[in-house]
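Engineer: As input, take entry-v1.cif (mmCIF, C-alpha atoms, pLDDT in the B column; chains and numbers go by the auth columns):
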```cif
data_data
loop_
_atom_site.group_PDB
_atom_site.id
_atom_site.type_symbol
_atom_site.label_atom_id
_atom_site.label_comp_id
_atom_site.label_asym_id
_atom_site.label_seq_id
_atom_site.Cartn_x
_atom_site.Cartn_y
_atom_site.Cartn_z
_atom_site.B_iso_or_equiv
_atom_site.auth_seq_id
_atom_site.auth_asym_id
ATOM 1 C CA MET A 1 5.657 -52.150 46.733 84.00 1 A
ATOM 2 C CA ALA A 2 2.441 -50.839 45.304 89.00 2 A
ATOM 3 C CA GLU A 3 3.376 -47.160 45.755 94.00 3 A
ATOM 4 C CA ASN A 4 6.349 -44.865 45.344 97.00 4 A
ATOM 5 C CA LEU A 5 8.668 -44.366 48.276 98.00 5 A
ATOM 6 C CA LYS A 6 8.044 -41.362 50.577 98.00 6 A
ATOM 7 C CA VAL A 7 10.768 -41.704 53.216 98.00 7 A
ATOM 8 C CA GLU A 8 12.745 -38.657 54.332 98.00 8 A
ATOM 9 C CA ARG A 9 15.261 -40.545 56.492 98.00 9 A
ATOM 10 C CA TYR A 10 17.660 -43.381 55.899 98.00 10 A
ATOM 11 C CA LEU A 11 17.105 -46.585 57.875 96.00 11 A
ATOM 12 C CA ASN A 12 19.626 -45.497 60.517 96.00 12 A
ATOM 13 C CA GLY A 13 17.604 -42.330 61.192 97.00 13 A
ATOM 14 C CA ASP A 14 19.849 -39.871 59.325 98.00 14 A
ATOM 15 C CA ALA A 15 17.919 -37.235 57.378 98.00 15 A
ATOM 16 C CA ILE A 16 18.131 -37.389 53.595 98.00 16 A
ATOM 17 C CA LEU A 17 19.259 -34.086 52.106 98.00 17 A
ATOM 18 C CA THR A 18 16.371 -31.965 50.795 98.00 18 A
ATOM 19 C CA GLY A 19 15.330 -28.369 50.140 96.00 19 A
ATOM 20 C CA LEU A 20 18.041 -27.847 47.532 97.00 20 A
ATOM 21 C CA ASP A 21 17.645 -24.934 45.153 96.00 21 A
ATOM 22 C CA ASN A 22 18.264 -25.597 41.462 95.00 22 A
ATOM 23 C CA SER A 23 21.969 -24.746 41.637 95.00 23 A
ATOM 24 C CA ALA A 24 22.616 -26.986 44.633 96.00 24 A
ATOM 25 C CA TRP A 25 20.541 -29.846 43.147 96.00 25 A
ATOM 26 C CA GLU A 26 22.616 -29.695 39.971 94.00 26 A
ATOM 27 C CA VAL A 27 25.957 -30.244 41.712 95.00 27 A
ATOM 28 C CA THR A 28 25.184 -32.530 44.634 96.00 28 A
ATOM 29 C CA THR A 29 26.596 -36.052 44.701 96.00 29 A
ATOM 30 C CA SER A 30 25.021 -36.732 48.087 97.00 30 A
ATOM 31 C CA GLY A 31 21.743 -38.578 48.416 98.00 31 A
ATOM 32 C CA ALA A 32 18.879 -36.106 48.119 98.00 32 A
ATOM 33 C CA PHE A 33 15.135 -35.946 47.523 98.00 33 A
ATOM 34 C CA ALA A 34 12.636 -33.384 46.336 98.00 34 A
ATOM 35 C CA VAL A 35 8.873 -32.971 46.165 98.00 35 A
ATOM 36 C CA TYR A 36 7.613 -32.241 42.648 98.00 36 A
ATOM 37 C CA ASN A 37 7.251 -28.442 42.324 96.00 37 A
ATOM 38 C CA ASN A 38 7.724 -28.220 46.105 95.00 38 A
ATOM 39 C CA GLU A 39 3.980 -28.868 46.532 96.00 39 A
ATOM 40 C CA PRO A 40 3.179 -31.130 49.534 95.00 40 A
ATOM 41 C CA ILE A 41 0.189 -32.703 47.759 96.00 41 A
ATOM 42 C CA ASN A 42 2.637 -34.223 45.285 97.00 42 A
ATOM 43 C CA LYS A 43 4.393 -36.152 48.069 97.00 43 A
ATOM 44 C CA ALA A 44 1.083 -37.576 49.246 96.00 44 A
ATOM 45 C CA THR A 45 -0.023 -38.476 45.718 96.00 45 A
ATOM 46 C CA TYR A 46 3.170 -39.442 43.877 97.00 46 A
ATOM 47 C CA GLY A 47 5.827 -39.993 46.529 98.00 47 A
ATOM 48 C CA LEU A 48 9.233 -38.335 46.574 98.00 48 A
ATOM 49 C CA LEU A 49 11.777 -37.860 43.807 98.00 49 A
ATOM 50 C CA TYR A 50 15.232 -39.160 44.754 98.00 50 A
ATOM 51 C CA ASN A 51 18.568 -38.867 43.031 98.00 51 A
ATOM 52 C CA TRP A 52 20.448 -42.124 42.401 97.00 52 A
ATOM 53 C CA TYR A 53 22.929 -41.378 45.174 98.00 53 A
ATOM 54 C CA ALA A 54 20.112 -41.731 47.711 98.00 54 A
ATOM 55 C CA SER A 55 18.915 -44.981 46.132 96.00 55 A
ATOM 56 C CA VAL A 56 22.276 -46.699 46.673 97.00 56 A
ATOM 57 C CA ASP A 57 23.357 -45.047 49.923 97.00 57 A
ATOM 58 C CA SER A 58 24.648 -47.701 52.344 96.00 58 A
ATOM 59 C CA ARG A 59 22.313 -46.386 55.075 97.00 59 A
ATOM 60 C CA GLY A 60 19.377 -47.742 53.056 96.00 60 A
ATOM 61 C CA LEU A 61 16.103 -46.162 51.956 95.00 61 A
ATOM 62 C CA CYS A 62 13.812 -49.155 51.859 96.00 62 A
ATOM 63 C CA PRO A 63 12.238 -50.720 54.932 95.00 63 A
ATOM 64 C CA SER A 64 14.104 -53.577 56.575 95.00 64 A
ATOM 65 C CA GLY A 65 13.763 -56.690 54.404 96.00 65 A
ATOM 66 C CA TRP A 66 13.357 -54.620 51.220 97.00 66 A
ATOM 67 C CA HIS A 67 15.788 -53.062 48.724 97.00 67 A
ATOM 68 C CA VAL A 68 15.939 -50.911 45.591 98.00 68 A
ATOM 69 C CA PRO A 69 15.666 -53.418 42.731 98.00 69 A
ATOM 70 C CA ALA A 70 18.620 -54.146 40.487 98.00 70 A
ATOM 71 C CA ASP A 71 18.164 -53.823 36.739 98.00 71 A
ATOM 72 C CA ASP A 72 17.849 -57.604 36.329 98.00 72 A
ATOM 73 C CA GLU A 73 15.086 -57.720 38.980 98.00 73 A
ATOM 74 C CA PHE A 74 13.075 -55.185 36.969 97.00 74 A
ATOM 75 C CA THR A 75 13.713 -57.282 33.862 97.00 75 A
ATOM 76 C CA ASP A 76 12.449 -60.415 35.622 97.00 76 A
ATOM 77 C CA MET A 77 9.253 -58.630 36.675 96.00 77 A
ATOM 78 C CA ILE A 78 8.645 -57.300 33.166 97.00 78 A
ATOM 79 C CA TYR A 79 9.065 -60.706 31.530 97.00 79 A
ATOM 80 C CA THR A 80 6.853 -62.295 34.179 97.00 80 A
ATOM 81 C CA LEU A 81 4.195 -59.876 32.922 97.00 81 A
ATOM 82 C CA GLY A 82 4.800 -60.931 29.290 96.00 82 A
ATOM 83 C CA ALA A 83 7.413 -58.637 27.739 96.00 83 A
ATOM 84 C CA PRO A 84 8.229 -54.912 27.615 96.00 84 A
ATOM 85 C CA SER A 85 5.670 -54.454 24.824 96.00 85 A
ATOM 86 C CA VAL A 86 2.751 -55.443 27.083 96.00 86 A
ATOM 87 C CA ALA A 87 4.055 -54.979 30.636 97.00 87 A
ATOM 88 C CA GLY A 88 3.725 -51.196 30.576 97.00 88 A
ATOM 89 C CA GLY A 89 -0.061 -51.268 30.520 97.00 89 A
ATOM 90 C CA LYS A 90 -0.106 -53.901 33.247 98.00 90 A
ATOM 91 C CA LEU A 91 2.059 -51.658 35.458 98.00 91 A
ATOM 92 C CA LYS A 92 0.171 -48.363 34.942 97.00 92 A
ATOM 93 C CA SER A 93 -2.655 -47.091 37.127 98.00 93 A
ATOM 94 C CA THR A 94 -5.849 -46.635 35.157 98.00 94 A
ATOM 95 C CA GLY A 95 -7.865 -43.551 34.329 97.00 95 A
ATOM 96 C CA THR A 96 -7.038 -40.086 33.056 97.00 96 A
ATOM 97 C CA LEU A 97 -6.989 -36.532 34.366 96.00 97 A
ATOM 98 C CA SER A 98 -9.382 -35.330 31.666 96.00 98 A
ATOM 99 C CA ALA A 99 -11.997 -37.945 32.614 96.00 99 A
ATOM 100 C CA GLY A 100 -11.469 -37.294 36.326 96.00 100 A
ATOM 101 C CA THR A 101 -10.695 -40.975 36.857 97.00 101 A
ATOM 102 C CA GLY A 102 -6.902 -40.998 37.239 97.00 102 A
ATOM 103 C CA LEU A 103 -3.635 -39.085 37.153 98.00 103 A
ATOM 104 C CA TRP A 104 -2.372 -39.793 33.622 98.00 104 A
ATOM 105 C CA LEU A 105 -2.901 -37.484 30.677 98.00 105 A
ATOM 106 C CA SER A 106 -5.031 -38.933 27.892 98.00 106 A
ATOM 107 C CA PRO A 107 -4.958 -41.409 26.328 98.00 107 A
ATOM 108 C CA ASN A 108 -3.200 -43.537 29.034 98.00 108 A
ATOM 109 C CA THR A 109 -2.716 -46.207 26.386 97.00 109 A
ATOM 110 C CA ALA A 110 -3.188 -49.873 27.376 98.00 110 A
ATOM 111 C CA ALA A 111 -3.438 -49.137 31.129 98.00 111 A
ATOM 112 C CA THR A 112 -5.005 -52.040 33.062 98.00 112 A
ATOM 113 C CA ASN A 113 -2.941 -52.149 36.279 98.00 113 A
ATOM 114 C CA SER A 114 -3.513 -55.912 36.221 97.00 114 A
ATOM 115 C CA SER A 115 -0.200 -56.355 38.065 97.00 115 A
ATOM 116 C CA GLY A 116 -1.286 -54.182 41.015 96.00 116 A
ATOM 117 C CA PHE A 117 1.899 -52.104 40.622 97.00 117 A
ATOM 118 C CA SER A 118 -0.192 -48.916 40.249 97.00 118 A
ATOM 119 C CA GLY A 119 2.447 -46.900 38.373 97.00 119 A
ATOM 120 C CA LEU A 120 1.781 -43.169 38.585 97.00 120 A
ATOM 121 C CA PRO A 121 3.061 -40.412 36.268 98.00 121 A
ATOM 122 C CA SER A 122 5.157 -38.682 38.909 97.00 122 A
ATOM 123 C CA GLY A 123 7.475 -36.903 36.466 98.00 123 A
ATOM 124 C CA TYR A 124 11.033 -36.028 37.466 98.00 124 A
ATOM 125 C CA ARG A 125 13.403 -33.334 38.673 98.00 125 A
ATOM 126 C CA ASN A 126 16.033 -32.681 36.035 97.00 126 A
ATOM 127 C CA VAL A 127 19.718 -32.255 36.863 94.00 127 A
ATOM 128 C CA ASP A 128 19.260 -28.489 36.441 94.00 128 A
ATOM 129 C CA GLY A 129 16.550 -28.613 39.131 94.00 129 A
ATOM 130 C CA LEU A 130 13.528 -28.103 36.882 96.00 130 A
ATOM 131 C CA TYR A 131 10.452 -30.309 37.343 97.00 131 A
ATOM 132 C CA LEU A 132 9.122 -31.979 34.200 97.00 132 A
ATOM 133 C CA THR A 133 6.596 -34.467 32.737 97.00 133 A
ATOM 134 C CA GLN A 134 4.197 -35.049 35.638 98.00 134 A
ATOM 135 C CA GLY A 135 1.052 -36.606 34.170 97.00 135 A
ATOM 136 C CA LYS A 136 2.963 -37.923 31.155 98.00 136 A
ATOM 137 C CA PHE A 137 5.722 -40.227 32.371 98.00 137 A
ATOM 138 C CA ALA A 138 6.691 -42.437 35.309 98.00 138 A
ATOM 139 C CA TYR A 139 10.302 -43.318 36.162 98.00 139 A
ATOM 140 C CA TRP A 140 11.949 -45.623 38.715 98.00 140 A
ATOM 141 C CA TRP A 141 15.575 -46.074 39.700 98.00 141 A
ATOM 142 C CA SER A 142 17.310 -49.410 39.666 98.00 142 A
ATOM 143 C CA SER A 143 20.341 -49.890 41.875 97.00 143 A
ATOM 144 C CA SER A 144 22.410 -50.841 38.799 98.00 144 A
ATOM 145 C CA GLU A 145 24.911 -48.431 37.376 96.00 145 A
ATOM 146 C CA HIS A 146 25.081 -48.370 33.576 97.00 146 A
ATOM 147 C CA SER A 147 28.369 -46.484 33.153 96.00 147 A
ATOM 148 C CA THR A 148 30.167 -43.622 34.837 95.00 148 A
ATOM 149 C CA GLY A 149 27.534 -41.017 35.661 95.00 149 A
ATOM 150 C CA TYR A 150 24.549 -43.120 34.521 98.00 150 A
ATOM 151 C CA ALA A 151 22.243 -45.768 36.016 98.00 151 A
ATOM 152 C CA TYR A 152 19.421 -47.912 34.650 98.00 152 A
ATOM 153 C CA ILE A 153 15.824 -46.806 35.039 98.00 153 A
ATOM 154 C CA ARG A 154 12.408 -48.022 33.942 98.00 154 A
ATOM 155 C CA MET A 155 9.851 -45.709 32.329 98.00 155 A
ATOM 156 C CA LEU A 156 6.127 -45.728 31.559 98.00 156 A
ATOM 157 C CA PHE A 157 4.420 -43.403 29.073 97.00 157 A
ATOM 158 C CA TYR A 158 0.934 -41.873 28.901 98.00 158 A
ATOM 159 C CA ASP A 159 0.666 -42.614 25.185 97.00 159 A
ATOM 160 C CA TYR A 160 2.319 -46.065 24.911 94.00 160 A
ATOM 161 C CA GLY A 161 1.645 -49.396 26.587 95.00 161 A
ATOM 162 C CA VAL A 162 5.302 -50.383 26.799 97.00 162 A
ATOM 163 C CA VAL A 163 7.763 -50.281 29.662 98.00 163 A
ATOM 164 C CA HIS A 164 11.073 -48.815 28.566 97.00 164 A
ATOM 165 C CA ARG A 165 14.565 -49.405 29.935 98.00 165 A
ATOM 166 C CA ASN A 166 17.003 -46.538 29.700 97.00 166 A
ATOM 167 C CA ALA A 167 20.118 -45.160 31.365 97.00 167 A
ATOM 168 C CA THR A 168 20.027 -41.671 32.781 97.00 168 A
ATOM 169 C CA LEU A 169 22.147 -39.206 34.713 97.00 169 A
ATOM 170 C CA LEU A 170 22.608 -40.012 38.397 97.00 170 A
ATOM 171 C CA GLY A 171 21.564 -36.508 39.463 97.00 171 A
ATOM 172 C CA ILE A 172 17.981 -36.495 38.231 97.00 172 A
ATOM 173 C CA GLY A 173 15.222 -36.989 40.781 98.00 173 A
ATOM 174 C CA ILE A 174 12.827 -39.853 40.106 98.00 174 A
ATOM 175 C CA SER A 175 10.674 -42.324 42.008 98.00 175 A
ATOM 176 C CA ILE A 176 11.769 -45.460 43.828 98.00 176 A
ATOM 177 C CA ARG A 177 9.904 -48.701 44.373 97.00 177 A
ATOM 178 C CA CYS A 178 11.323 -51.236 46.800 97.00 178 A
ATOM 179 C CA ILE A 179 11.266 -55.002 46.376 96.00 179 A
ATOM 180 C CA GLN A 180 11.360 -57.656 49.096 95.00 180 A
ATOM 181 C CA ASP A 181 14.714 -59.308 49.768 94.00 181 A
#
```
Could you render the structure as structure tokens?
Structural biologist:
Amino acid sequence: MAENLKVERYLNGDAILTGLDNSAWEVTTSGAFAVYNNEPINKATYGLLYNWYASVDSRGLCPSGWHVPADDEFTDMIYTLGAPSVAGGKLKSTGTLSAGTGLWLSPNTAATNSSGFSGLPSGYRNVDGLYLTQGKFAYWWSSSEHSTGYAYIRMLFYDYGVVHRNATLLGIGISIRCIQD
């Protein structure tokens, strides 16, 4: 997909949990989503921020015929674009906030969006419920668990042209991109 997911219901029609205050967000192990800073414009611009539990819920988030990519599917995409050292720029949307041409903070290093992925710096909702790093970083869940309590993600940075692989806590809220089956 060329944009972050914005669905509020699973494929079967069940509502995804939302509206959690910081305390409830911190302890939930149910699928949930949030809108960055609870500002509706952020849903329209950046999509929703989901915890990992939502990304792997058996009811499905992605449209029929699509799924949340596994870690190895992200790896395949990145190496198709060259390697992690160059793929980041190819995945990032172009422009900067300061120039009025994009959503990334300056310098938005190496951004070309030559892949058409149009990665946006949507930030994240931390496990304690706080919203952080919008404009600086982009994050996407994989469906692959790293270890107990952690899953693999991919990250883009405003000041580097790399794409980074990391493992993070299942309870943070980050973006999702779906891939065709």
Engineer: Identify which of the residues A:Ala87, A:Cys62, A:Val127, A:Leu11 lies closest to A:Ala34, counting all atoms listed in the file when measuring atom-to-atom distances.
Structural biologist: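 That would be A:Val127, the residue with the smallest distance to A:Ala34.
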Engineer: Which neighbours of A:Leu48 fall inside 12 Å, counting only C-alpha atoms, when residues of the same chain fewer than 4 positions from it are skipped, and could you give them as a ChimeraX atom specification?
Structural biologist: /A:3-9,16,18,32-44,54-55,61,120,122-125,139-140,173-177
Engineer: For the structure shown, which residues end up in the PyMOL selection byres ((chain A and resi 128) around 10)? Put them as a list in words, please?
Structural biologist: Asp21, Asn22, Ser23, Ala24, Trp25, Glu26, Val27, Arg125, Asn126, Val127, Gly129, Leu130, Tyr131, Gly171 and Ile172 of chain A
Engineer: Identify the residues within 12 Å of coordinate (18.1, -53.8, 37.5) (same frame as the file), considering all atoms listed in the file, and give the answer as a list of chain:residue names.
Structural biologist: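 Neighbouring residues, ordered by chain and number, come to A:His67, A:Val68, A:Pro69, A:Ala70, A:Asp71, A:Asp72, A:Glu73, A:Phe74, A:Thr75, A:Asp76, A:Met77, A:Ile78, A:Trp140, A:Trp141, A:Ser142, A:Ser143, A:Ser144, A:Glu145, A:His146, A:Ala151, A:Tyr152, A:Ile153, A:Arg154, A:Arg165, A:Asn166, A:Ala167, A:Arg177, A:Cys178, A:Ile179.
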Engineer: On this file, the PyMOL selection byres ((chain A and resi 95-112) around 6) gives some set of residues; write that set as a PyMOL selection string.
Structural biologist: chain A and resi 89-90+92+94+113-114+135-136+158-161
Engineer: Go ahead and write the selection's residues with C-alpha atoms as a PDB file, in the frame of the given file.
Structural biologist:
```
ATOM      1  CA  GLY A  89      -0.061 -51.268  30.520  1.00 97.00           C
ATOM      2  CA  LYS A  90      -0.106 -53.901  33.247  1.00 98.00           C
ATOM      3  CA  LYS A  92       0.171 -48.363  34.942  1.00 97.00           C
ATOM      4  CA  THR A  94      -5.849 -46.635  35.157  1.00 98.00           C
ATOM      5  CA  ASN A 113      -2.941 -52.149  36.279  1.00 98.00           C
ATOM      6  CA  SER A 114      -3.513 -55.912  36.221  1.00 97.00           C
ATOM      7  CA  GLY A 135       1.052 -36.606  34.170  1.00 97.00           C
ATOM      8  CA  LYS A 136       2.963 -37.923  31.155  1.00 98.00           C
ATOM      9  CA  TYR A 158       0.934 -41.873  28.901  1.00 98.00           C
ATOM     10  CA  ASP A 159       0.666 -42.614  25.185  1.00 97.00           C
ATOM     11  CA  TYR A 160       2.319 -46.065  24.911  1.00 94.00           C
ATOM     12  CA  GLY A 161       1.645 -49.396  26.587  1.00 95.00           C
TER      13      GLY A 161
END
```
Engineer: Could you jot down the atom CA of A:Leu132 to atom CA of A:Gly119 separation for me, Å, one decimal place?
Structural biologist: 16.9 Å
Engineer: Tell me which of A:Thr133, A:Ser115, A:Tyr150, A:Met155 sits closest to A:Met1, counting all atoms listed in the file.
Structural biologist: A:Ser115
Engineer: Return the padded bounding box of stretch 64-82 of chain A as AutoDock Vina command-line options: axis-aligned, built from all atoms listed in the file, 8 Å added on each side, with centre and edge lengths in Å to one decimal.
Structural biologist:
```
--center_x 11.4 --center_y -56.6 --center_z 42.9 --size_x 30.4 --size_y 27.4 --size_z 43.3
```
Engineer: Given the file shown, determine the residues that the PyMOL selection byres ((chain A and resi 65) around 6) selects; report them as a list in words.
Structural biologist: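 Selection result, ordered by chain and number: Ser64, Trp66, Gln180 and Asp181 of chain A.
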Engineer: Name the closest residue to A:Ser58 among the candidates A:Phe137, A:Phe157, A:Tyr10, A:Tyr79; distances are taken between atoms, counting only C-alpha atoms.
Structural biologist: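 The answer is A:Tyr10, which sits nearest to A:Ser58.
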